[in-house]
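Colleague: This is the structure I have questions about; it appears just below.
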Amino acid sequence: MDKSMALLMIMVLSYFTAIANSQVKNIFLLAGQSNMSGLGGVVNNTWDGIVPPECSPNPAILKLDAKLQWVEATEPLHADIDANVTCGIGPGMPFANSLLNNTSLLGEVGLVPCAMAGNRISQWQKGTFLYNQLVMRAKAAAVQECGVTKAMLWYQGESDTTLLSNANAYKGKMQQFFTDLRSDVGIPDLLIIQVALASGTNFTDIVREVQLNPDLANVVTVDARGLELHKDNLHLTASSQVLLGHMMADAYLQTISTTS
């Protein structure tokens, strides 16, 4: 085989490899409570309908809806999942847009919303409704159209800051949840990008300490403390959710750059 033919074959192989990569959904699970499902722009149970540019739809960003169908992702991302509350802007869309804006290596981004407002870490333990729904949706997403699960975005814990007993139990329950999830979705080293709380009540610092020092491999924490809150002093504003999405995207890209 002469050099020109070999070069042509390499070019053709690279072309089809690029096409294959562009067709793979890079799946991200989104779980936790209301600051993950997103109440940005929601005041008095009404969403203002304002979609920041960083949260705009993109044909390359899909979501797995409540019927387990891939559809183009739009805000409010969790509206059909966390249906008992009024959802607004969360970190998922700015996360996905930031990924696509900062790397050409990804194909489609597939978001799998699973967060629900007002839950404690005990409600995410193996066998609970929230846990079973997360695992079911994760598996459904991965088997469709060459999906590859890249990470879980996790923002939860405010409900565990009220009672000292819940705050003290948080570390063990968090570690057990992450370990069981990795086992049940078949990804022992699944990357988990979690958020250290921006808000809480009596024992917030205890839960934050656990989140900042998870003592579990492949768990990366971004710190939301200092981000602007609504007047309820609990939920992130829309602009804060945009910043958080960028922070989580930066954490993901930095993590994969150091492990690749």
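Chains: A, B, ... in order of the structure tokens. Residues: from 1 per chain. Ligands: from 1, in order shown.
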When DSSP works through the backbone of this structure, what residues of region 86-237 of chain A end up as alpha helix (DSSP H), shown as an MDAnalysis selection string?

Modeller: chainID A and resid 92:102 129:143 164:184 204:212

Colleague: Go through region 200-235 of chain A residue by residue and, counting only C-alpha atoms, keep those with an atom at most 8 Å from region 148-165 of chain A; for each kept residue give the shortest atom pair and its distance in Å to one decimal, ordered by chain and increasing number, as a Markdown table.

Modeller:
| residue | atom | partner | partner_atom | distance |
| --- | --- | --- | --- | --- |
| A:Gly200 | CA | A:Glu158 | CA | 4.8 |
| A:Thr201 | CA | A:Thr161 | CA | 5.5 |
| A:Asn202 | CA | A:Thr162 | CA | 5.2 |
| A:Phe203 | CA | A:Thr161 | CA | 4.6 |
| A:Thr204 | CA | A:Thr161 | CA | 5.0 |
| A:Ile206 | CA | A:Thr161 | CA | 7.8 |
| A:Val207 | CA | A:Thr161 | CA | 6.7 |

Colleague: Could those selected residues go to a file with C-alpha atoms, as an mmCIF file, in the first residue's frame?

Modeller:
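The file below, part-v4.cif, is the result:
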data_model
loop_
_atom_site.group_PDB
_atom_site.id
_atom_site.type_symbol
_atom_site.label_atom_id
_atom_site.label_comp_id
_atom_site.auth_asym_id
_atom_site.auth_seq_id
_atom_site.Cartn_x
_atom_site.Cartn_y
_atom_site.Cartn_z
ATOM 1 C CA GLY A 200 -29.769 25.558 55.314
ATOM 2 C CA THR A 201 -30.998 25.920 58.880
ATOM 3 C CA ASN A 202 -29.594 24.853 62.264
ATOM 4 C CA PHE A 203 -26.783 22.448 61.378
ATOM 5 C CA THR A 204 -25.744 23.509 57.896
ATOM 6 C CA ILE A 206 -22.090 19.859 59.727
ATOM 7 C CA VAL A 207 -23.558 18.818 56.390
#

Colleague: Expressed in Å to a single decimal, how great is the separation between CA of Thr86 (chain A) and CA of His230 (chain A)?

Modeller: 14.6 Å

Colleague: Would you list, as a PyMOL selection string, the residues of region 21-208 of chain A that end up in strand (DSSP E) under DSSP run on this structure's backbone?

Modeller: chain A and resi 25-32+42-43+46-47+61-64+70-72+108-113+148-155+191-196

Colleague: Using N, CA, C and O atoms, can you write the selected residues to a file as a compact mmCIF listing (two decimals), in the first residue's frame?

Modeller:
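Here's the written file selection12.txt:
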# COMPACT_ATOMS: atom_id res chain seq x y z
N LYS A 25 -24.61 9.89 22.98
CA LYS A 25 -25.11 10.78 24.02
C LYS A 25 -24.22 10.68 25.25
O LYS A 25 -23.97 9.60 25.76
N ASN A 26 -23.74 11.82 25.68
CA ASN A 26 -22.98 11.90 26.92
C ASN A 26 -23.98 12.22 28.02
O ASN A 26 -24.49 13.34 28.11
N ILE A 27 -24.28 11.22 28.85
CA ILE A 27 -25.40 11.30 29.78
C ILE A 27 -24.95 11.81 31.14
O ILE A 27 -23.93 11.37 31.69
N PHE A 28 -25.73 12.73 31.67
CA PHE A 28 -25.49 13.27 33.01
C PHE A 28 -26.78 13.15 33.82
O PHE A 28 -27.83 13.65 33.40
N LEU A 29 -26.68 12.48 34.96
CA LEU A 29 -27.81 12.35 35.87
C LEU A 29 -27.88 13.60 36.74
O LEU A 29 -26.85 14.09 37.21
N LEU A 30 -29.08 14.10 36.98
CA LEU A 30 -29.29 15.27 37.84
C LEU A 30 -30.19 14.85 38.99
O LEU A 30 -31.34 14.46 38.78
N ALA A 31 -29.67 14.90 40.21
CA ALA A 31 -30.44 14.43 41.35
C ALA A 31 -30.23 15.34 42.56
O ALA A 31 -29.28 16.10 42.63
N GLY A 32 -31.15 15.23 43.52
CA GLY A 32 -31.08 16.04 44.72
C GLY A 32 -32.45 16.60 45.07
O GLY A 32 -33.47 15.95 44.84
N VAL A 42 -38.47 31.76 40.48
CA VAL A 42 -39.78 31.41 41.03
C VAL A 42 -40.02 32.25 42.29
O VAL A 42 -39.24 32.18 43.25
N VAL A 43 -41.08 33.02 42.28
CA VAL A 43 -41.47 33.83 43.43
C VAL A 43 -42.96 33.62 43.68
O VAL A 43 -43.77 33.70 42.74
N THR A 46 -44.70 31.13 41.43
CA THR A 46 -44.88 31.49 40.03
C THR A 46 -43.52 31.74 39.40
O THR A 46 -42.72 32.52 39.92
N TRP A 47 -43.26 31.07 38.29
CA TRP A 47 -42.01 31.28 37.56
C TRP A 47 -42.16 32.50 36.67
O TRP A 47 -43.18 32.64 35.98
N ILE A 61 -28.52 19.42 23.04
CA ILE A 61 -28.82 19.15 24.45
C ILE A 61 -30.21 18.54 24.53
O ILE A 61 -31.21 19.19 24.20
N LEU A 62 -30.27 17.30 24.97
CA LEU A 62 -31.54 16.58 25.10
C LEU A 62 -31.79 16.26 26.57
O LEU A 62 -30.90 16.34 27.40
N LYS A 63 -33.04 15.92 26.86
CA LYS A 63 -33.35 15.44 28.20
C LYS A 63 -34.24 14.21 28.09
O LYS A 63 -35.00 14.06 27.13
N LEU A 64 -34.11 13.34 29.07
CA LEU A 64 -34.99 12.18 29.17
C LEU A 64 -36.22 12.62 29.93
O LEU A 64 -36.15 12.96 31.12
N TRP A 70 -36.32 10.75 24.72
CA TRP A 70 -35.38 11.84 24.55
C TRP A 70 -36.05 12.97 23.77
O TRP A 70 -36.58 12.76 22.68
N VAL A 71 -36.04 14.16 24.35
CA VAL A 71 -36.62 15.35 23.72
C VAL A 71 -35.62 16.49 23.86
O VAL A 71 -34.71 16.43 24.70
N GLU A 72 -35.77 17.52 23.06
CA GLU A 72 -34.88 18.68 23.21
C GLU A 72 -35.13 19.32 24.57
O GLU A 72 -36.27 19.54 24.97
N GLU A 108 -23.73 14.73 21.52
CA GLU A 108 -24.93 15.21 22.19
C GLU A 108 -24.78 15.08 23.71
O GLU A 108 -24.17 14.13 24.19
N VAL A 109 -25.37 16.02 24.42
CA VAL A 109 -25.43 15.95 25.88
C VAL A 109 -26.85 15.52 26.25
O VAL A 109 -27.83 16.15 25.85
N GLY A 110 -26.95 14.45 26.99
CA GLY A 110 -28.25 13.96 27.45
C GLY A 110 -28.41 14.15 28.94
O GLY A 110 -27.66 13.57 29.74
N LEU A 111 -29.35 15.00 29.33
CA LEU A 111 -29.62 15.28 30.75
C LEU A 111 -30.76 14.39 31.23
O LEU A 111 -31.77 14.24 30.54
N VAL A 112 -30.59 13.83 32.42
CA VAL A 112 -31.60 12.93 33.00
C VAL A 112 -32.07 13.52 34.32
O VAL A 112 -31.49 13.25 35.38
N PRO A 113 -33.09 14.37 34.31
CA PRO A 113 -33.58 14.99 35.54
C PRO A 113 -34.21 13.97 36.48
O PRO A 113 -35.05 13.17 36.06
N VAL A 148 -23.77 6.94 27.00
CA VAL A 148 -22.69 6.68 27.95
C VAL A 148 -22.85 7.62 29.13
O VAL A 148 -22.81 8.84 28.97
N THR A 149 -23.04 7.07 30.32
CA THR A 149 -23.23 7.89 31.51
C THR A 149 -21.88 8.40 31.99
O THR A 149 -20.98 7.63 32.32
N LYS A 150 -21.75 9.74 32.03
CA LYS A 150 -20.48 10.37 32.36
C LYS A 150 -20.38 10.76 33.83
O LYS A 150 -19.29 10.72 34.41
N ALA A 151 -21.48 11.22 34.43
CA ALA A 151 -21.41 11.72 35.80
C ALA A 151 -22.82 11.93 36.34
O ALA A 151 -23.80 11.98 35.59
N MET A 152 -22.90 12.08 37.66
CA MET A 152 -24.12 12.54 38.30
C MET A 152 -23.84 13.89 38.94
O MET A 152 -22.84 14.08 39.63
N LEU A 153 -24.74 14.84 38.70
CA LEU A 153 -24.72 16.12 39.38
C LEU A 153 -25.66 16.01 40.58
O LEU A 153 -26.84 15.69 40.41
N TRP A 154 -25.17 16.33 41.76
CA TRP A 154 -25.91 16.07 42.99
C TRP A 154 -25.93 17.33 43.86
O TRP A 154 -24.89 17.87 44.20
N TYR A 155 -27.14 17.79 44.19
CA TYR A 155 -27.29 18.98 45.05
C TYR A 155 -28.43 18.69 46.01
O TYR A 155 -29.59 18.76 45.66
N LEU A 191 -18.32 9.23 38.21
CA LEU A 191 -17.97 10.54 38.73
C LEU A 191 -19.22 11.21 39.31
O LEU A 191 -20.27 11.23 38.68
N ILE A 192 -19.09 11.74 40.51
CA ILE A 192 -20.18 12.46 41.16
C ILE A 192 -19.69 13.87 41.45
O ILE A 192 -18.69 14.06 42.15
N ILE A 193 -20.38 14.85 40.89
CA ILE A 193 -20.07 16.25 41.15
C ILE A 193 -21.16 16.79 42.05
O ILE A 193 -22.32 16.92 41.64
N GLN A 194 -20.82 17.03 43.29
CA GLN A 194 -21.82 17.44 44.26
C GLN A 194 -21.60 18.90 44.67
O GLN A 194 -20.52 19.47 44.48
N VAL A 195 -22.64 19.47 45.24
CA VAL A 195 -22.61 20.87 45.64
C VAL A 195 -22.59 20.96 47.16
O VAL A 195 -23.41 20.32 47.83
N ALA A 196 -21.66 21.73 47.69
CA ALA A 196 -21.70 22.07 49.11
C ALA A 196 -22.72 23.18 49.31
O ALA A 196 -22.73 24.17 48.57

Colleague: For Gly49 (chain A), which of A:Pro76, A:Asp180, A:Ala83, A:Ser37 is the closest residue, counting only C-alpha atoms?

Modeller: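 So, comparing all the options, the nearest one is A:Pro76.
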
Colleague: Each residue of region 36-122 of chain A lying at most 12 Å from region 252-260 of chain A should get a row with its shortest atom-to-atom pair and the distance in Å to one decimal, counting only C-alpha atoms; could you produce that, ordered by chain and increasing number, as a tab-separated table?

Modeller:
residue	atom	partner	partner_atom	distance
A:Phe95	CA	A:Tyr252	CA	9.5
A:Ala96	CA	A:Tyr252	CA	10.8
A:Ser98	CA	A:Leu253	CA	10.0
A:Leu99	CA	A:Leu253	CA	7.7
A:Leu100	CA	A:Leu253	CA	10.8
A:Asn101	CA	A:Leu253	CA	11.5
A:Asn102	CA	A:Leu253	CA	8.6
A:Thr103	CA	A:Leu253	CA	8.5
A:Ser104	CA	A:Leu253	CA	11.7
A:Leu105	CA	A:Leu253	CA	10.8
A:Leu106	CA	A:Leu253	CA	11.0

Colleague: Just the selected residues (N, CA, C and O atoms), exported as a short mmCIF file (atom, residue, chain, number, x, y, z; two decimals), in the first residue's frame, please.

Modeller:
data_model
loop_
_atom_site.label_atom_id
_atom_site.label_comp_id
_atom_site.auth_asym_id
_atom_site.auth_seq_id
_atom_site.Cartn_x
_atom_site.Cartn_y
_atom_site.Cartn_z
N PHE A 95 -25.07 24.15 32.76
CA PHE A 95 -24.01 23.14 32.78
C PHE A 95 -23.79 22.58 31.38
O PHE A 95 -22.66 22.55 30.87
N ALA A 96 -24.87 22.15 30.73
CA ALA A 96 -24.75 21.53 29.41
C ALA A 96 -24.25 22.52 28.37
O ALA A 96 -23.37 22.19 27.54
N SER A 98 -22.45 25.15 28.86
CA SER A 98 -21.06 25.46 29.15
C SER A 98 -20.13 24.35 28.65
O SER A 98 -19.06 24.63 28.09
N LEU A 99 -20.54 23.09 28.81
CA LEU A 99 -19.74 21.99 28.28
C LEU A 99 -19.55 22.13 26.78
O LEU A 99 -18.44 22.02 26.26
N LEU A 100 -20.65 22.35 26.07
CA LEU A 100 -20.58 22.42 24.62
C LEU A 100 -19.78 23.64 24.14
O LEU A 100 -19.15 23.60 23.09
N ASN A 101 -19.82 24.70 24.92
CA ASN A 101 -19.08 25.91 24.55
C ASN A 101 -17.59 25.80 24.82
O ASN A 101 -16.80 26.58 24.28
N ASN A 102 -17.21 24.83 25.65
CA ASN A 102 -15.82 24.75 26.08
C ASN A 102 -15.07 23.53 25.59
O ASN A 102 -13.87 23.40 25.85
N THR A 103 -15.74 22.65 24.88
CA THR A 103 -15.04 21.49 24.32
C THR A 103 -15.73 21.04 23.05
O THR A 103 -16.95 21.11 22.93
N SER A 104 -14.93 20.59 22.11
CA SER A 104 -15.46 20.05 20.85
C SER A 104 -15.47 18.53 20.87
O SER A 104 -15.80 17.90 19.86
N LEU A 105 -15.12 17.95 21.99
CA LEU A 105 -14.98 16.49 22.07
C LEU A 105 -16.29 15.79 22.37
O LEU A 105 -16.39 14.58 22.22
N LEU A 106 -17.31 16.53 22.82
CA LEU A 106 -18.58 15.91 23.15
C LEU A 106 -19.49 15.87 21.94
O LEU A 106 -19.46 16.75 21.08
#

Colleague: At a cut-off of 8 Å, using only C-alpha atoms, what residues contact region 123-135 of chain A? Leave out same-chain residues fewer than 6 positions from it and give the result as a VMD selection string.

Modeller: chain A and resid 31 114 173 176 to 177 180 to 181 184 to 185

Colleague: Counting only C-alpha atoms, figure out which residue out of A:Asp48, A:Asp215, A:Glu54, A:Glu75 gets nearest to Asn97 (chain A).

Modeller: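 Closest to Asn97 (chain A) of all the choices is A:Glu54.
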
Colleague: Please measure the separation of CA of Ile81 (chain A) and CA of Asn45 (chain A), giving the value in Å to one decimal.

Modeller: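 Those two atoms sit 16.5 Å apart.
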